[in-house]
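Participant: Input file: start_7.txt. Contents: compact mmCIF, C-alpha atoms.
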```
# COMPACT_ATOMS: atom_id res chain seq x y z
CA MET R 6 0.00 0.00 0.00
CA ASN R 7 1.28 3.46 -0.91
CA GLU R 8 2.36 6.01 1.75
CA PRO R 9 -0.06 8.95 2.02
CA LEU R 10 1.24 11.96 0.06
CA VAL R 11 2.97 14.38 2.44
CA GLN R 12 1.96 17.97 1.70
CA HIS R 13 4.86 20.05 3.04
CA LEU R 14 4.34 23.75 3.73
CA THR R 15 4.86 26.12 0.80
CA PRO R 16 7.11 29.17 1.30
CA GLU R 17 3.97 31.29 1.64
CA GLU R 18 2.53 28.95 4.27
CA ILE R 19 5.81 29.05 6.16
CA GLU R 20 5.59 32.86 6.19
CA LEU R 21 1.99 32.65 7.39
CA TRP R 22 3.04 30.29 10.20
CA ALA R 23 5.88 32.65 11.17
CA GLN R 24 3.28 35.41 11.49
CA GLY R 25 0.82 33.22 13.40
CA LEU R 26 -1.63 33.25 10.49
CA LEU R 27 -1.47 29.68 9.20
CA PRO R 28 -4.93 28.07 9.02
CA ALA R 29 -5.50 25.49 11.74
CA ALA R 30 -5.93 22.77 9.14
CA ARG R 31 -2.24 23.14 8.21
CA GLU R 32 -0.94 23.76 11.73
CA GLY R 33 -1.05 20.05 12.42
CA HIS R 34 1.55 19.40 9.75
CA VAL R 35 4.05 21.75 11.41
CA GLY R 36 3.74 19.73 14.61
CA ALA R 37 4.16 16.45 12.80
CA CYS R 38 6.88 17.28 10.27
CA ALA R 39 10.33 18.04 11.69
CA ASP R 40 11.58 19.47 8.38
CA CYS R 41 8.73 21.95 8.06
CA ARG R 42 8.96 22.88 11.74
CA LEU R 43 12.67 23.62 11.43
CA ALA R 44 12.14 25.65 8.23
CA ALA R 45 9.27 27.57 9.82
CA GLU R 46 11.22 28.37 12.98
CA ARG R 47 14.17 29.65 10.98
CA GLU R 48 11.82 31.76 8.89
CA ARG R 49 10.18 33.21 11.99
CA LYS R 50 13.55 34.18 13.45
CA LEU R 51 14.57 36.00 10.26
CA ILE R 52 11.23 37.77 9.84
CA ARG R 53 11.36 38.99 13.46
CA GLU R 54 14.89 40.26 12.93
CA LEU R 55 13.83 42.17 9.82
CA ALA R 56 10.76 43.62 11.51
CA GLN R 57 12.94 45.00 14.31
CA LEU R 58 15.28 46.94 12.03
CA THR R 59 15.81 50.56 13.00
CA ARG R 60 13.89 53.33 11.28
CA PHE R 61 16.66 55.77 10.44
CA ALA R 62 16.05 59.51 10.52
CA PRO R 63 17.34 62.00 7.98
CA GLU R 64 19.38 64.95 9.20
CA PHE R 65 17.64 67.48 11.44
CA GLY R 66 15.62 70.04 9.46
CA PHE R 67 14.61 67.65 6.69
CA VAL R 68 10.98 68.79 6.69
CA GLU R 69 12.03 72.43 6.25
CA ARG R 70 14.41 71.61 3.44
CA VAL R 71 11.64 69.78 1.60
CA MET R 72 9.00 72.44 2.30
CA ALA R 73 11.28 75.16 0.91
CA LYS R 74 10.98 73.49 -2.48
CA VAL R 75 7.30 72.57 -2.44
CA LYS R 76 4.73 74.54 -4.40
CA ILE R 77 1.61 74.89 -2.26
CA PRO R 78 -1.45 75.04 -4.53
CA THR R 79 -3.63 78.13 -4.20
CA PRO R 80 -6.92 79.06 -5.91
CA SER R 81 -4.90 81.22 -8.33
CA GLY R 82 -2.35 78.50 -9.01
CA PRO R 83 0.71 77.00 -7.30
CA HIS R 84 3.37 79.18 -5.76
CA LEU R 85 6.76 78.42 -4.28
CA ARG R 86 6.46 78.64 -0.54
CA PRO R 87 8.97 81.08 0.97
CA HIS R 88 11.35 79.30 3.34
CA THR R 89 10.69 79.83 7.04
CA ASP R 90 11.91 77.89 10.04
CA ALA R 91 9.10 76.37 12.07
CA MET G 174 30.10 70.39 9.04
CA ARG G 175 27.08 68.24 9.68
CA THR G 176 26.43 66.91 13.15
CA TYR G 177 25.98 63.26 12.44
CA ASP G 178 26.05 62.17 16.08
CA ARG G 179 22.75 63.98 16.49
CA LEU G 180 21.30 61.65 13.88
CA ALA G 181 22.51 58.55 15.64
CA ALA G 182 20.86 59.68 18.85
CA ARG G 183 17.57 60.10 17.03
CA ALA G 184 17.92 56.94 14.99
CA ALA G 185 15.50 54.75 16.92
CA GLY G 186 11.95 55.90 16.56
CA GLY G 187 8.31 55.01 16.15
CA ARG G 188 6.70 53.81 12.97
CA SER G 189 3.99 55.69 11.22
CA VAL G 190 0.76 53.80 10.88
CA GLU G 191 -1.35 54.28 7.82
CA ALA G 192 -5.08 54.15 8.42
CA VAL G 193 -6.32 53.16 5.00
CA LYS G 194 -9.91 53.80 4.10
CA VAL G 195 -10.01 53.54 0.36
CA GLY G 196 -12.27 56.07 -1.26
CA GLU G 197 -13.08 57.80 2.01
CA VAL G 198 -12.09 61.20 0.67
CA PRO G 199 -12.33 61.15 -3.10
CA LYS G 200 -10.01 63.58 -4.81
CA GLY G 201 -11.61 66.93 -5.41
CA CYS G 202 -14.33 66.54 -2.81
CA VAL G 203 -15.30 69.50 -0.66
CA ILE G 204 -14.08 69.23 2.93
CA SER G 205 -16.14 70.98 5.56
CA ALA G 206 -14.58 73.32 8.12
CA LYS G 207 -14.81 70.75 10.92
CA ASP G 208 -12.73 68.30 8.88
CA ARG G 209 -9.95 70.73 8.05
CA PRO G 210 -6.45 70.27 9.49
CA GLY G 211 -6.53 70.34 13.23
CA ASN G 212 -7.04 66.64 13.64
CA LEU G 213 -4.27 65.85 11.19
CA THR G 214 -2.54 63.31 13.37
CA GLY G 215 -5.48 60.94 13.44
CA ALA G 216 -6.48 61.43 9.80
CA SER G 217 -5.87 58.80 7.13
CA ASP G 218 -3.20 59.42 4.53
CA GLN G 219 -5.94 59.90 1.95
CA GLN G 220 -7.55 62.63 4.03
CA VAL G 221 -4.27 64.40 4.57
CA ALA G 222 -3.45 64.16 0.85
CA ALA G 223 -6.87 65.64 0.03
CA TRP G 224 -6.17 68.57 2.38
CA ALA G 225 -2.77 69.03 0.74
CA THR G 226 -4.46 69.15 -2.66
CA GLN G 227 -6.57 72.01 -1.34
CA GLY G 228 -3.46 73.95 -0.36
CA HIS G 229 -3.18 73.32 3.38
CA GLU G 230 0.51 73.66 4.18
CA ALA G 231 0.06 71.75 7.45
CA ALA G 232 -1.09 68.74 5.44
CA PHE G 233 2.09 68.79 3.35
CA ARG G 234 4.16 68.91 6.52
CA GLU G 235 2.17 66.03 8.01
CA LEU G 236 2.87 63.82 4.98
CA VAL G 237 6.60 64.55 5.24
CA ARG G 238 6.53 63.91 8.99
CA ARG G 239 4.76 60.55 8.50
CA TYR G 240 7.07 59.29 5.79
CA GLU G 241 10.47 60.90 6.34
CA ARG G 242 11.80 57.93 8.33
CA PRO G 243 10.29 55.09 6.24
CA VAL G 244 11.34 56.67 2.94
CA PHE G 245 14.78 57.68 4.16
CA SER G 246 15.36 54.22 5.70
CA LEU G 247 14.43 52.43 2.48
CA LEU G 248 16.72 54.68 0.44
CA TYR G 249 19.55 54.47 2.95
CA ARG G 250 19.46 50.68 2.88
CA MET G 251 19.30 50.71 -0.90
CA VAL G 252 22.24 53.05 -1.54
CA ARG G 253 24.12 52.72 1.80
CA ASP G 254 25.21 56.35 1.72
CA ARG G 255 23.59 58.76 4.16
CA ALA G 256 24.06 62.01 2.25
CA LEU G 257 22.95 60.44 -1.01
CA ALA G 258 19.93 58.79 0.65
CA GLU G 259 18.90 62.18 2.01
CA ASP G 260 19.22 63.79 -1.43
CA LEU G 261 17.10 61.02 -2.94
CA ALA G 262 14.57 61.31 -0.12
CA GLN G 263 14.25 65.06 -0.72
CA GLU G 264 13.87 64.44 -4.44
CA THR G 265 11.14 61.88 -3.67
CA PHE G 266 9.15 64.17 -1.37
CA ILE G 267 9.43 67.15 -3.70
CA LYS G 268 8.19 65.03 -6.61
CA VAL G 269 5.34 63.59 -4.55
CA LEU G 270 4.20 66.85 -2.96
CA ASN G 271 4.47 68.92 -6.11
CA GLY G 272 2.50 66.21 -7.90
CA ILE G 273 -0.06 65.66 -5.16
CA ASP G 274 -2.85 66.39 -7.68
CA SER G 275 -1.96 63.18 -9.51
CA TYR G 276 -2.32 60.97 -6.40
CA ASN G 277 -5.11 58.42 -6.81
CA PRO G 278 -6.69 57.87 -3.37
CA GLN G 279 -7.97 54.47 -4.40
CA PHE G 280 -4.46 53.25 -3.71
CA LYS G 281 -2.40 53.57 -0.55
CA PHE G 282 -0.42 56.80 -0.34
CA SER G 283 2.48 54.74 0.99
CA SER G 284 2.50 52.62 -2.18
CA TRP G 285 2.76 55.76 -4.28
CA ILE G 286 5.58 57.36 -2.31
CA PHE G 287 7.56 54.11 -2.03
CA LYS G 288 7.22 53.58 -5.77
CA ILE G 289 8.79 56.99 -6.45
CA ALA G 290 11.48 56.45 -3.80
CA ASN G 291 12.36 52.99 -5.09
CA ASN G 292 12.57 54.24 -8.67
CA ALA G 293 14.95 56.98 -7.52
CA ALA G 294 17.15 54.41 -5.78
CA ILE G 295 17.16 51.95 -8.70
CA ASP G 296 17.92 54.75 -11.19
CA HIS G 297 20.82 55.86 -9.04
CA LEU G 298 22.18 52.31 -8.60
CA ARG G 299 22.06 51.70 -12.35
CA LYS G 300 23.83 54.98 -13.02
CA ARG G 301 26.44 54.23 -10.36
CA GLU G 302 27.04 50.81 -11.84
CA LEU G 303 27.85 52.45 -15.17
CA GLU G 304 30.12 55.00 -13.58
CA THR G 305 31.97 52.65 -11.23
CA LEU G 306 35.67 53.36 -11.23
CA SER G 307 38.13 50.54 -11.23
CA LEU G 308 40.62 50.33 -8.37
CA ASP G 309 43.23 51.48 -10.86
CA GLY G 310 41.32 54.64 -11.71
CA SER G 311 38.90 55.88 -14.32
CA PRO G 312 38.79 53.92 -17.57
CA HIS G 313 39.03 57.33 -19.26
CA ALA G 314 42.37 58.11 -17.61
CA THR G 315 45.14 58.07 -20.16
CA THR G 316 48.17 59.17 -18.12
CA PRO G 317 49.63 57.81 -14.86
CA ASP G 318 48.74 61.10 -13.13
CA GLN G 319 45.12 60.85 -14.23
CA MET G 320 44.99 57.23 -13.10
CA ARG G 321 46.38 58.15 -9.68
CA ALA G 322 43.95 61.07 -9.35
CA THR G 323 40.90 58.92 -10.12
CA ALA G 324 41.92 55.73 -8.33
CA LEU G 325 39.77 54.63 -5.41
CA GLN G 326 41.43 55.26 -2.06
CA LEU G 327 40.39 52.25 -0.01
CA GLY G 328 41.76 53.71 3.19
CA ASP G 329 39.59 56.82 2.91
CA ARG G 330 36.32 55.12 3.88
CA SER G 331 35.46 54.83 7.56
CA GLU G 332 37.72 57.75 8.43
CA THR G 333 35.15 60.55 8.31
CA PRO G 334 32.42 61.08 10.91
CA LEU G 335 29.85 60.23 8.25
CA GLN G 336 31.52 56.95 7.41
CA GLU G 337 31.78 56.10 11.09
CA LEU G 338 28.07 56.76 11.55
CA GLU G 339 27.21 54.67 8.49
CA ALA G 340 29.38 51.83 9.80
CA ARG G 341 27.54 51.96 13.14
CA GLU G 342 24.09 52.11 11.55
CA LEU G 343 24.60 49.57 8.76
CA GLY G 344 27.27 47.38 10.31
CA SER G 345 25.16 44.70 11.99
CA ALA G 346 25.05 41.21 10.53
CA ILE G 347 21.49 41.58 9.26
CA GLU G 348 22.22 44.97 7.63
CA ARG G 349 25.31 43.57 5.92
CA ALA G 350 23.31 40.56 4.74
CA ILE G 351 20.63 42.86 3.27
CA ALA G 352 23.36 44.83 1.49
CA ARG G 353 24.53 41.66 -0.25
CA LEU G 354 21.13 41.11 -1.88
CA ARG G 355 20.66 42.29 -5.44
CA PRO G 356 18.68 45.56 -5.51
CA GLU G 357 15.41 43.99 -6.70
CA TYR G 358 15.48 41.47 -3.84
CA ARG G 359 16.47 44.21 -1.38
CA SER G 360 13.47 46.36 -2.35
CA CYS G 361 11.11 43.41 -2.04
CA ILE G 362 12.36 42.23 1.33
CA LEU G 363 12.39 45.75 2.83
CA LEU G 364 8.90 46.55 1.58
CA ARG G 365 7.55 43.22 2.81
CA HIS G 366 9.22 42.72 6.17
CA VAL G 367 10.26 46.20 7.27
CA GLU G 368 7.39 48.26 5.84
CA GLY G 369 4.77 45.51 6.05
CA HIS G 370 3.33 45.81 2.54
CA SER G 371 1.34 42.94 1.06
CA TYR G 372 2.63 41.02 -1.94
CA GLU G 373 0.01 42.71 -4.13
CA GLU G 374 1.08 46.18 -2.98
CA ILE G 375 4.73 45.36 -3.63
CA ALA G 376 3.84 44.17 -7.13
CA ARG G 377 2.17 47.56 -7.74
CA ILE G 378 5.04 49.53 -6.19
CA LEU G 379 7.72 47.74 -8.18
CA ASP G 380 5.68 47.21 -11.36
CA LEU G 381 6.36 43.49 -11.22
CA PRO G 382 4.06 40.49 -11.69
CA LEU G 383 2.77 39.07 -8.41
CA GLY G 384 4.49 35.73 -9.03
CA THR G 385 7.83 37.47 -9.53
CA VAL G 386 7.45 39.32 -6.23
CA LYS G 387 6.72 36.05 -4.41
CA THR G 388 9.75 34.42 -5.99
CA TYR G 389 12.02 37.37 -5.19
CA ILE G 390 10.93 37.47 -1.55
CA HIS G 391 11.34 33.72 -1.13
CA ARG G 392 14.81 33.79 -2.71
CA ALA G 393 15.80 36.89 -0.75
CA ARG G 394 14.91 35.21 2.56
CA ASN G 395 16.87 32.11 1.58
CA GLU G 396 19.89 34.24 0.68
CA LEU G 397 19.64 36.22 3.91
CA ARG G 398 19.55 33.03 5.98
CA THR G 399 22.55 31.68 4.10
CA TYR G 400 24.54 34.90 4.60
CA LEU G 401 23.65 34.99 8.29
CA GLU G 402 24.47 31.33 8.84
CA ASP G 403 27.81 31.71 7.03
CA ARG G 404 29.03 34.11 9.67
CA ARG G 405 27.69 32.25 12.71
CA PRO G 406 29.94 29.66 14.36
```
Represent the structure of the file as C-alpha cells.
Facilitator:
Amino acid sequence: MNEPLVQHLTPEEIELWAQGLLPAAREGHVGACADCRLAAERERKLIRELAQLTRFAPEFGFVERVMAKVKIPTPSGPHLRPHTDA
Amino acid sequence: MRTYDRLAARAAGGRSVEAVKVGEVPKGCVISAKDRPGNLTGASDQQVAAWATQGHEAAFRELVRRYERPVFSLLYRMVRDRALAEDLAQETFIKVLNGIDSYNPQFKFSSWIFKIANNAAIDHLRKRELETLSLDGSPHATTPDQMRATALQLGDRSETPLQELEARELGSAIERAIARLRPEYRSCILLRHVEGHSYEEIARILDLPLGTVKTYIHRARNELRTYLEDRRP
C-alpha cells in the first residue's frame, strides 16, 4: 500500500506560520513534520529580525528643506512657498 | 560640518501607521470646516493628501513627517550612503508633494511614495554601476597622473564622521546581509518585512508580476539566511 502523500508547507505557508496566520488545518503538519517545523522556525527568526530593524532619521531640518521646495497650490495656481523655520 | 552624532541619537523611533480607508475622501471633494487640518494626526493618509491638494501647508508637513523615516530608511538601505539617501529622499518628497494632484486615493499613499522612492534608488544604482571606477582609476584616464587622481582610495572610507556613523548604523550582521542582496530582492524584502506591505502592494510599487514578487521574496529570505548562517559559528 502506498504512503499517504505528504503535503509540506509552501514558502507562503511558512511565512503565514511565522506570522501566526497559518490556518488550523495546516498547523497540524508543522507539529508532525520536523523538516517543516525547522524551516518555519528559521523563517520566523529571520522575519522577526527584519521587523525590528531601525527606522533611520534624515538629518535634522529635513521637513524644512523639503517644504522650501514645495509649491503649495492656491486658488490662483501653485506658488513656491517662501522658506521659514518652524 | 554636519552633526551626524545627532542623527545617531535620534535613529531609533516610532513607525507611522497608515489608516487606510479607500475612497473615504475622493479627490476633489469638498471638505467641511470641521474636517480641516486640526485633527491631522489621526487622519488617514488619503484625508491628509486631500487637504494638501486644497493647499493646506500643514497637510504637506504632516505627509513629510509621517514618511520621512520610512522613505529615508528604504533609500539608505538601498544606496548605503547617508548624504545620497537624504538627497534622494528630498527628491522623492518634492516630486510627490508637487505632484499631489496626480495621487489616486484608491491606492495607498504609501505605495505611491515608495514607488517613487524605489525608482529613484534603482535609477541611481544603475547609473552608479555604469560609472563605477576601477581600483586602478577611471577607464578614461590616459596618463599615470590621471589614473592616480581617479583611483579609489580604499583607506579613505570609515575615516570621516559620516563613514563612522554609516558603519555603526549599517554594520550589523542583518544589515550587511541585506546589502549583499541584489537591488530587486532588497526592495522586495524591505517593503515586505520592514514596511509591512502585502505582496500585491509590492507588485504595484515595483511594477512586477505578483508571481515574480513572491519568488524574489522567497529567494531573498533564503539568501539572507545563508549569509547569516555563514558568519555564525
Participant: Distance limit 6 Å, atoms considered: all atoms listed in the file. Which chain G residues sit that close to chain R? Return them as a PyMOL selection string.
Facilitator: chain G and resi 184-185+228+242+246+263+267+271+366-367
Participant: Tell me which residues come within 10 Å of (2.4, 44.7, -5.6), as a compact mmCIF listing (two decimals) with C-alpha atoms, in the frame of the given file, counting all atoms listed in the file in the file's coordinates.
Facilitator:
```
# COMPACT_ATOMS: atom_id res chain seq x y z
CA SER G 284 2.50 52.62 -2.18
CA CYS G 361 11.11 43.41 -2.04
CA LEU G 364 8.90 46.55 1.58
CA ARG G 365 7.55 43.22 2.81
CA HIS G 370 3.33 45.81 2.54
CA SER G 371 1.34 42.94 1.06
CA TYR G 372 2.63 41.02 -1.94
CA GLU G 373 0.01 42.71 -4.13
CA GLU G 374 1.08 46.18 -2.98
CA ILE G 375 4.73 45.36 -3.63
CA ALA G 376 3.84 44.17 -7.13
CA ARG G 377 2.17 47.56 -7.74
CA ILE G 378 5.04 49.53 -6.19
CA LEU G 379 7.72 47.74 -8.18
CA ASP G 380 5.68 47.21 -11.36
CA LEU G 381 6.36 43.49 -11.22
CA PRO G 382 4.06 40.49 -11.69
CA LEU G 383 2.77 39.07 -8.41
CA GLY G 384 4.49 35.73 -9.03
CA THR G 385 7.83 37.47 -9.53
CA VAL G 386 7.45 39.32 -6.23
CA LYS G 387 6.72 36.05 -4.41
```
Participant: What does the distance from CA of Glu46 (chain R) to CA of Arg353 (chain G) come to in Å, to one decimal?
Facilitator: 23.0 Å
